[in-house]
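Peer 1: What follows is input37.cif; its format and atoms are mmCIF, C-alpha atoms.
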data_coords
#
loop_
_atom_site.label_atom_id
_atom_site.label_comp_id
_atom_site.auth_asym_id
_atom_site.auth_seq_id
_atom_site.Cartn_x
_atom_site.Cartn_y
_atom_site.Cartn_z
CA MET A 48 37.38 -1.09 -49.15
CA SER A 49 37.72 -3.59 -46.27
CA GLU A 50 35.52 -3.49 -43.14
CA ARG A 51 38.58 -2.37 -41.18
CA GLU A 52 39.22 0.55 -43.54
CA ILE A 53 35.54 1.53 -43.44
CA ALA A 54 35.58 1.48 -39.64
CA LYS A 55 38.73 3.58 -39.57
CA THR A 56 37.29 6.14 -42.01
CA GLN A 57 34.04 6.43 -40.08
CA LEU A 58 35.85 6.77 -36.76
CA LEU A 59 38.23 9.43 -38.04
CA ASP A 60 35.31 11.31 -39.57
CA LEU A 61 33.49 11.18 -36.23
CA LEU A 62 36.52 12.45 -34.32
CA SER A 63 37.23 15.23 -36.80
CA ALA A 64 34.62 17.41 -35.07
CA ALA A 65 36.58 17.36 -31.79
CA ASN A 66 38.31 20.57 -30.69
CA ASN A 67 41.51 18.63 -30.14
CA GLY A 68 41.76 15.76 -32.60
CA ASP A 69 44.84 14.13 -31.07
CA ALA A 70 43.33 14.21 -27.58
CA ALA A 71 40.10 12.68 -28.90
CA LYS A 72 42.00 9.87 -30.62
CA SER A 73 44.05 9.25 -27.50
CA ALA A 74 40.91 9.07 -25.36
CA VAL A 75 39.29 6.53 -27.67
CA SER A 76 42.44 4.42 -27.82
CA ILE A 77 42.72 4.43 -24.03
CA LEU A 78 39.12 3.28 -23.64
CA PHE A 79 39.32 0.73 -26.46
CA PRO A 80 42.80 -0.79 -26.94
CA ARG A 81 41.99 -2.20 -30.39
CA ALA A 82 41.27 1.30 -31.64
CA LYS A 83 44.85 2.35 -30.87
CA GLU A 84 46.22 0.36 -33.78
CA LEU A 85 43.31 1.33 -35.99
CA LEU A 86 43.97 5.02 -35.41
CA GLN A 87 47.74 4.80 -35.93
CA ALA A 88 49.39 3.99 -32.62
CA GLU A 89 52.51 6.00 -33.23
CA ILE A 90 50.67 9.28 -32.61
CA LEU A 91 48.71 7.93 -29.66
CA ASP A 92 51.42 6.71 -27.33
CA THR A 93 50.30 7.54 -23.78
CA GLY A 94 53.64 6.82 -22.22
CA GLU A 95 52.53 3.69 -20.36
CA LYS A 96 55.40 1.60 -19.02
CA ASP A 97 53.33 -1.31 -17.69
CA ASN A 98 49.99 -3.05 -18.13
CA ALA A 99 48.30 -1.62 -15.02
CA THR A 100 46.31 1.02 -16.86
CA THR A 101 45.63 -1.22 -19.86
CA GLY A 102 44.16 -3.84 -17.54
CA ARG A 103 41.57 -1.36 -16.33
CA ARG A 104 40.36 -0.22 -19.73
CA ILE A 105 36.80 -0.70 -20.83
CA ARG A 106 37.35 -3.92 -22.68
CA ASN A 107 34.15 -5.87 -22.21
CA ALA A 108 30.62 -5.15 -23.34
CA ASP A 109 29.05 -5.20 -19.87
CA PHE A 110 31.36 -2.50 -18.52
CA ALA A 111 31.22 -0.40 -21.70
CA ARG A 112 27.47 -0.02 -21.25
CA LEU A 113 28.14 1.90 -18.03
CA TYR A 114 29.58 4.65 -20.21
CA PHE A 115 27.39 4.68 -23.24
CA LEU A 116 23.92 3.34 -22.42
CA LEU A 117 21.59 6.27 -23.07
CA THR A 118 18.42 4.84 -21.51
CA PRO A 119 19.47 2.47 -18.70
CA LYS A 120 16.64 0.39 -17.24
CA THR A 121 18.16 0.38 -13.77
CA VAL A 122 20.58 2.49 -11.77
CA VAL A 123 22.08 -0.57 -10.04
CA TRP A 124 25.35 -2.07 -11.20
CA SER A 125 25.99 -5.79 -10.94
CA LYS A 126 28.59 -6.83 -8.39
CA SER A 127 31.13 -7.64 -11.09
CA GLN A 128 30.57 -4.31 -12.80
CA ALA A 129 30.91 -2.43 -9.52
CA ASN A 130 34.11 -4.27 -8.64
CA GLU A 131 35.65 -3.54 -12.02
CA LEU A 132 34.56 0.07 -11.83
CA MET A 133 36.19 0.62 -8.44
CA GLU A 134 39.38 -1.08 -9.63
CA ALA A 135 39.74 1.62 -12.25
CA GLU A 136 41.56 4.90 -11.81
CA PRO A 137 39.38 7.32 -9.77
CA ASP A 138 39.13 9.75 -12.70
CA VAL A 139 37.83 6.97 -14.94
CA ALA A 140 35.29 5.90 -12.32
CA PHE A 141 34.00 9.44 -11.89
CA ALA A 142 33.67 9.81 -15.66
CA VAL A 143 31.41 6.74 -15.56
CA PHE A 144 29.46 8.19 -12.62
CA GLU A 145 28.92 11.44 -14.50
CA SER A 146 27.82 9.67 -17.66
CA ARG A 147 25.34 7.51 -15.77
CA ILE A 148 23.91 10.35 -13.66
CA HIS A 149 23.21 12.35 -16.79
CA ALA A 150 21.65 9.32 -18.47
CA VAL A 151 19.08 8.39 -15.83
CA SER A 152 15.86 10.22 -15.10
CA PRO A 153 15.74 12.87 -12.33
CA ASP A 154 13.68 10.49 -10.18
CA GLU A 155 16.41 7.85 -10.34
CA ARG A 156 19.32 10.17 -9.52
CA PRO A 157 18.97 10.22 -5.71
CA LYS A 158 19.12 6.42 -5.62
CA LEU A 159 22.08 6.38 -8.00
CA ARG A 160 23.98 8.94 -5.92
CA ARG A 161 23.47 6.82 -2.81
CA ILE A 162 24.79 3.76 -4.62
CA ILE A 163 27.84 5.75 -5.74
CA LEU A 164 28.44 6.88 -2.16
CA GLU A 165 28.25 3.29 -0.94
CA LEU A 166 30.81 2.22 -3.53
CA LEU A 167 33.09 5.12 -2.61
CA GLU A 168 32.82 4.46 1.11
CA GLU A 169 33.63 0.76 0.75
CA THR A 170 36.59 1.51 -1.52
CA MET A 171 38.04 4.24 0.69
CA ARG A 172 37.62 2.18 3.85
CA ASN A 173 39.20 -0.99 2.48
CA ARG A 174 41.94 0.36 0.20
CA ALA A 175 44.28 2.52 2.23
CA ASP A 176 46.82 2.51 -0.61
CA THR A 177 44.51 4.48 -2.90
CA ARG A 178 42.40 6.33 -0.31
CA GLN A 179 44.11 9.64 -0.95
CA GLN A 180 43.49 9.50 -4.71
CA TRP A 181 39.81 8.61 -4.21
CA ILE A 182 39.23 11.41 -1.70
CA ILE A 183 40.87 13.96 -4.01
CA ALA A 184 38.77 12.70 -6.93
CA LEU A 185 35.63 12.98 -4.82
CA LEU A 186 36.45 16.54 -3.77
CA ASP A 187 37.21 17.59 -7.35
CA ASN A 188 34.02 15.97 -8.66
CA ALA A 189 31.81 17.02 -5.78
CA SER A 190 29.39 18.75 -8.15
CA LEU A 191 28.10 15.29 -9.19
CA LEU A 192 26.95 14.59 -5.64
CA LEU A 193 26.31 18.01 -4.10
CA THR A 194 23.15 18.97 -5.87
CA ASP A 195 20.12 21.12 -5.15
CA GLU A 196 18.08 18.90 -7.43
CA GLY A 197 14.73 17.91 -5.97
CA TRP A 198 14.97 19.98 -2.79
CA GLU A 199 11.42 21.30 -3.23
CA SER A 200 9.96 17.80 -2.71
CA SER A 201 12.42 16.52 -0.09
CA ARG A 202 10.75 14.98 2.95
CA LEU A 203 11.02 16.54 6.40
CA PHE A 204 13.79 14.36 7.84
CA GLU A 205 15.33 13.14 4.59
CA PRO A 206 19.12 13.76 4.53
CA SER A 207 20.40 15.81 1.63
CA SER A 208 23.13 14.62 -0.74
CA GLU A 209 25.45 17.10 0.94
CA ASP A 210 24.68 15.60 4.37
CA LEU A 211 25.37 12.08 3.13
CA VAL A 212 28.67 13.00 1.46
CA ARG A 213 29.90 14.90 4.51
CA ILE A 214 28.92 12.10 6.91
CA MET A 215 30.55 9.45 4.73
CA LEU A 216 33.83 11.36 4.41
CA THR A 217 33.95 12.08 8.13
CA GLN A 218 33.34 8.43 9.01
CA VAL A 219 36.01 7.21 6.60
CA LEU A 220 38.54 9.69 7.92
CA MET A 221 37.81 9.10 11.60
CA ALA A 222 38.04 5.32 11.14
CA SER A 223 41.76 5.63 10.40
CA SER A 224 44.49 6.25 12.95
CA GLN A 225 45.30 9.82 13.93
CA ASP A 226 48.70 9.71 12.20
CA ASP A 227 47.15 8.40 8.98
CA ARG A 228 44.39 10.98 9.24
CA VAL A 229 46.88 13.83 9.57
CA GLY A 230 49.10 12.60 6.75
CA LEU A 231 46.13 12.09 4.44
CA LEU A 232 44.69 15.55 5.08
CA LYS A 233 48.03 17.25 4.50
CA GLU A 234 48.33 15.66 1.07
CA VAL A 235 44.70 16.24 0.16
CA VAL A 236 44.95 19.94 1.09
CA LYS A 237 47.91 20.27 -1.28
CA HIS A 238 46.42 18.48 -4.26
CA ALA A 239 42.61 18.91 -4.27
CA SER A 240 41.44 21.43 -6.85
CA ASP A 241 38.14 22.12 -5.10
CA VAL A 242 38.26 22.64 -1.32
CA SER A 243 34.56 23.22 -0.63
CA LEU A 244 33.94 19.83 0.96
CA LEU A 245 37.40 19.82 2.49
CA CYS A 246 36.68 23.03 4.40
CA GLU A 247 33.49 21.49 5.78
CA LEU A 248 35.31 18.28 6.64
CA VAL A 249 38.24 19.89 8.47
CA ARG A 250 35.95 22.27 10.32
CA SER A 251 33.66 19.44 11.41
CA ILE A 252 36.47 17.33 12.88
CA THR A 253 38.56 20.12 14.43
CA GLY A 254 36.04 22.80 15.35
CA ASP A 255 36.86 26.50 15.09
CA ALA A 256 39.63 28.68 16.43
CA GLU A 257 37.08 31.53 16.43
CA PRO A 258 35.60 31.73 19.98
CA ALA A 259 32.10 32.33 18.60
CA GLY A 260 32.35 29.31 16.33
CA THR A 261 31.93 25.57 16.83
CA THR A 262 33.64 23.80 19.72
CA PHE A 263 37.32 22.98 19.24
CA LYS A 264 38.01 19.22 19.07
CA PRO A 265 41.66 18.61 20.01
CA ASP A 266 41.61 14.81 19.73
CA SER A 267 40.82 14.57 16.01
CA LEU A 268 44.22 15.70 14.70
CA GLY A 269 46.10 16.12 17.98
CA ASP A 270 49.15 18.36 17.92
CA ALA A 271 48.87 18.70 14.13
CA THR A 272 45.49 20.46 14.30
CA GLN A 273 46.82 23.97 13.76
CA GLU A 274 49.28 22.85 11.10
CA VAL A 275 46.52 21.26 9.00
CA ARG A 276 44.26 24.24 9.64
CA ASP A 277 46.93 26.65 8.45
CA LEU A 278 47.67 24.61 5.32
CA LEU A 279 44.02 24.77 4.27
CA LEU A 280 43.73 28.40 5.33
CA ASP A 281 46.62 29.27 3.01
CA ARG A 282 44.78 27.57 0.12
CA VAL A 283 41.61 29.53 0.93
CA GLN A 284 43.37 32.89 1.19
CA ARG A 285 45.21 32.31 -2.08
CA LEU A 286 41.95 31.38 -3.82
CA ALA A 287 40.41 34.61 -2.58
CA ALA A 288 43.42 36.69 -3.61
CA ASP A 289 43.57 35.12 -7.08
CA GLY A 290 39.84 35.39 -7.73
CA GLY A 291 39.44 31.62 -7.77
CA LEU A 292 37.11 31.25 -4.82
CA SER A 293 34.03 31.98 -6.94
CA ALA A 294 34.83 28.97 -9.14
CA GLN A 295 34.61 26.56 -6.19
CA ILE A 296 31.44 24.51 -6.07
CA ARG A 297 30.43 25.73 -2.59
CA PRO A 298 32.01 29.12 -1.74
CA GLY A 299 29.86 29.47 1.39
CA PRO A 300 31.52 26.74 3.48
CA ILE A 301 34.92 28.08 2.38
CA LEU A 302 34.06 31.52 3.75
CA TRP A 303 32.88 29.97 7.01
CA TYR A 304 36.09 27.97 7.31
CA TRP A 305 38.10 31.16 6.83
CA TRP A 306 35.97 32.87 9.48
CA GLY A 307 36.31 29.90 11.83
CA CYS A 308 40.10 30.13 11.68
CA GLY A 309 39.81 33.47 13.48
CA TYR A 310 39.88 35.86 10.51
CA ALA A 311 36.41 37.42 10.69
CA ASP A 312 37.71 40.86 9.67
CA GLN A 313 39.45 39.44 6.59
CA VAL A 314 36.32 37.61 5.48
CA ARG A 315 34.13 40.67 5.95
CA ALA A 316 36.62 42.81 4.00
CA TYR A 317 36.63 40.21 1.22
CA THR A 318 32.83 40.09 0.91
CA ASN A 319 32.70 43.90 0.97
CA GLN A 320 35.18 43.91 -1.90
CA LEU A 321 33.01 41.43 -3.82
CA MET A 322 30.13 43.89 -3.61
CA THR A 323 32.07 46.38 -5.72
CA THR A 324 31.62 44.26 -8.87
CA ASN A 325 28.56 42.87 -10.64
CA GLU A 326 30.05 39.37 -10.61
CA GLY A 327 30.73 39.59 -6.89
CA ILE A 328 27.20 40.76 -6.12
CA ARG A 329 25.72 37.85 -8.09
CA LEU A 330 27.92 35.41 -6.17
CA LEU A 331 26.90 36.86 -2.81
CA LEU A 332 23.21 36.75 -3.72
CA GLU A 333 23.40 32.95 -3.94
CA ILE A 334 25.85 32.05 -1.18
CA PRO A 335 23.68 32.61 1.93
CA ILE A 336 20.54 30.83 0.68
CA SER A 337 19.69 27.56 2.41
CA TYR A 338 16.80 25.11 2.08
CA VAL A 339 14.25 24.52 4.81
CA ARG A 340 12.03 21.43 4.92
CA SER A 341 8.62 22.08 6.40
CA THR A 342 5.30 20.27 6.77
CA ALA A 343 3.75 23.37 5.22
CA GLY A 344 6.05 23.14 2.19
CA ASN A 345 9.77 23.52 1.60
CA TYR A 346 11.22 26.97 1.06
CA GLU A 347 14.46 28.95 0.78
CA ARG A 348 15.72 31.05 3.67
CA ILE A 349 18.64 33.26 4.67
CA ASP A 350 19.67 33.17 8.33
CA ARG A 351 20.33 36.89 8.71
CA LYS A 352 21.78 36.66 12.23
CA SER A 353 24.35 34.09 11.12
CA TRP A 354 25.35 35.50 7.74
CA GLU A 355 25.68 39.05 9.06
CA LYS A 356 28.93 37.85 10.64
CA ILE A 357 30.60 37.66 7.24
CA ILE A 358 28.38 39.60 4.80
CA ASP A 359 26.88 43.09 5.05
CA LEU A 360 23.36 41.91 4.25
CA ARG A 361 21.85 45.38 4.44
CA GLN A 362 24.16 46.63 1.72
CA LEU A 363 23.63 43.46 -0.30
CA GLU A 364 19.87 43.89 0.04
CA GLU A 365 20.15 47.37 -1.45
CA HIS A 366 22.07 45.99 -4.42
CA ALA A 367 19.45 43.26 -4.80
CA ARG A 368 16.56 45.74 -4.89
CA LEU A 369 18.26 47.73 -7.63
CA LEU A 370 19.11 44.62 -9.62
CA ALA A 371 15.55 43.30 -9.29
CA LYS A 372 14.30 46.38 -11.17
CA SER A 373 16.92 46.17 -13.91
CA THR A 374 16.52 44.84 -17.45
CA ASP A 375 19.04 42.10 -16.68
CA GLU A 376 16.69 39.10 -16.56
CA GLU A 377 19.17 36.67 -15.02
CA GLY A 378 20.35 39.22 -12.46
CA ALA A 379 16.76 40.16 -11.59
CA ARG A 380 15.92 36.50 -11.05
CA LEU A 381 18.85 36.07 -8.65
CA ALA A 382 17.91 39.27 -6.81
CA LEU A 383 14.27 38.29 -6.38
CA ARG A 384 15.25 34.85 -5.14
CA PHE A 385 17.58 36.44 -2.58
CA LEU A 386 14.96 38.95 -1.40
CA ASP A 387 12.33 36.24 -1.03
CA ALA A 388 14.71 34.05 1.02
CA LEU A 389 15.53 37.06 3.19
CA ARG A 390 11.84 37.71 3.85
CA HIS A 391 11.39 34.13 5.02
CA ASP A 392 13.92 34.78 7.78
CA GLU A 393 12.06 37.93 8.85
CA ARG A 394 8.77 36.00 9.16
CA MET A 395 10.25 33.45 11.56
#
So, in terms of structure tokens, how does the structure I just supplied come out?
Peer 2:
Amino acid sequence: MSEREIAKTQLLDLLSAANNGDAAKSAVSILFPRAKELLQAEILDTGEKDNATTGRRIRNADFARLYFLLTPKTVVWSKSQANELMEAEPDVAFAVFESRIHAVSPDERPKLRRIILELLEETMRNRADTRQQWIIALLDNASLLLTDEGWESSRLFEPSSEDLVRIMLTQVLMASSQDDRVGLLKEVVKHASDVSLLCELVRSITGDAEPAGTTFKPDSLGDATQEVRDLLLDRVQRLAADGGLSAQIRPGPILWYWWGCGYADQVRAYTNQLMTTNEGIRLLLEIPISYVRSTAGNYERIDRKSWEKIIDLRQLEEHARLLAKSTDEEGARLALRFLDALRHDERM
């Protein structure tokens, strides 16, 4: 048997464990063009009509290591690697980001996330033609950057990953013209799968329609402010109606956006409805918890005065006390965490 036949046999044997064999073969052939012929190209045609995608494949050893190196010695890419990475399709780049984040040690991850944010900011600022695709990819992969990891040891004035992402997105958006800003947001609202960051972003640059909310900022989107607001509000209300809001990475900011649009009664009715199911109670037990940095030690807290606007915390507290005494270990853990965070607010 030739080396080529041995390689083909070993590769097919490796891919046979995949849930979807054809998809696995296609993925390998996309990453490594030579494998396409090896794995029988006729069943792996991806429908490409030009060489644009092929030109961005992982075709050299230096770039391939960004995917597959299990114990990287550094979290820093070389300039050539970074340039090639950001020339790729956003989904490919985020697959590399995910692989690398999981490969490095927890201590290295904050530095790596900052490097990723720098790459994203430079790309989105300088490439208006692909800015929309990169923003959508960032929103849909926000879980890679919005992390609670390491909050216990965060320093007093150290910005969180969430702060850095939000600031970066706001700066990129506000650096463009108002017309471009409006057009970009309209498209992003339509196509982003996860709207957690988007709700925070739109709220931060437009303010709230709710009188008790943040100050309205008419200059950010001009006459299109309400139109953009309503487009995102429709997404939020449909997510709530379809039961999809709980699958978003940060349901809390989505609820606050909904409230800020002037629909406090709707939001309160929605959270009351959530409390009628075990799944809804578990979701609500996590949503209002925030992290406080203190010289005496970091801790979790619930701002009762604020969250009472959209959640009946007294009723939720009753559910938490019952759940804390149950035999459901995971539920009891969530309940105790919630109750402890609530007590921190009472001691302030």
Peer 1: Given the file shown, enumerate the residues that the PyMOL selection byres ((chain A and resi 173-177) around 12) captures and present them as a compact mmCIF listing (two decimals) with C-alpha atoms, in the coordinates of the input.
Peer 2:
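Result saved to expr_25.txt:
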# COMPACT_ATOMS: atom_id res chain seq x y z
CA MET A 133 36.19 0.62 -8.44
CA GLU A 134 39.38 -1.08 -9.63
CA ALA A 135 39.74 1.62 -12.25
CA GLU A 136 41.56 4.90 -11.81
CA PRO A 137 39.38 7.32 -9.77
CA LEU A 166 30.81 2.22 -3.53
CA LEU A 167 33.09 5.12 -2.61
CA GLU A 168 32.82 4.46 1.11
CA GLU A 169 33.63 0.76 0.75
CA THR A 170 36.59 1.51 -1.52
CA MET A 171 38.04 4.24 0.69
CA ARG A 172 37.62 2.18 3.85
CA ARG A 178 42.40 6.33 -0.31
CA GLN A 179 44.11 9.64 -0.95
CA GLN A 180 43.49 9.50 -4.71
CA TRP A 181 39.81 8.61 -4.21
CA ILE A 182 39.23 11.41 -1.70
CA ILE A 183 40.87 13.96 -4.01
CA ALA A 184 38.77 12.70 -6.93
CA VAL A 219 36.01 7.21 6.60
CA LEU A 220 38.54 9.69 7.92
CA ALA A 222 38.04 5.32 11.14
CA SER A 223 41.76 5.63 10.40
CA SER A 224 44.49 6.25 12.95
CA ASP A 227 47.15 8.40 8.98
CA ARG A 228 44.39 10.98 9.24
CA LEU A 231 46.13 12.09 4.44
Peer 1: Using only C-alpha atoms, find the one residue out of A:Arg380, A:Cys308, A:Leu232, A:Leu330 that sits nearest to Ala294 in chain A.
Peer 2: A:Leu330
Peer 1: Ranking A:Ser293, A:Gln313, A:Ser240, A:Ser152 by minimum distance to Ile328 in chain A and counting only C-alpha atoms, which one comes first?
Peer 2: A:Ser293
Peer 1: Could you spell out the hits of the PyMOL selection byres ((chain A and resi 239) around 8) on the shown file, as a PyMOL selection string?
Peer 2: chain A and resi 183-184+186-187+235-238+240-242
Peer 1: Would you translate the PyMOL selection byres ((chain A and resi 300-306) around 10) into the concrete set of residues it matches in this file, as number ranges by chain?
Peer 2: A: 242-251, 254-257, 259-260, 276, 279-281, 283-284, 286-287, 292, 295-299, 307-315, 317-318, 334-335, 354, 356-358
Peer 1: For a test of reading the model, state the distance in Å between CA of Lys126 in chain A and CA of Met215 in chain A, rounded to one decimal.
Peer 2: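 Pair CA of Lys126 in chain A / CA of Met215 in chain A returns 21.0 Å.
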Peer 1: Quick check, in Å to one decimal: how far apart do CA of Ser337 in chain A and CA of Ile349 in chain A lie?
Peer 2: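 So the answer is 6.2 Å.
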Peer 1: Go through A:Glu234, A:Asp387, A:Glu155, A:Asp226 and flag the residue nearest Asp266 in chain A, using all atoms listed in the file for the distances.
Peer 2: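 Ranked by minimum distance to Asp266 in chain A, first place goes to A:Asp226.
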Peer 1: Calculate how many Å separate CA of Thr374 in chain A from CA of Leu360 in chain A, rounding to one decimal.
Peer 2: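 One can read the CA of Thr374 in chain A to CA of Leu360 in chain A distance as 22.9 Å.
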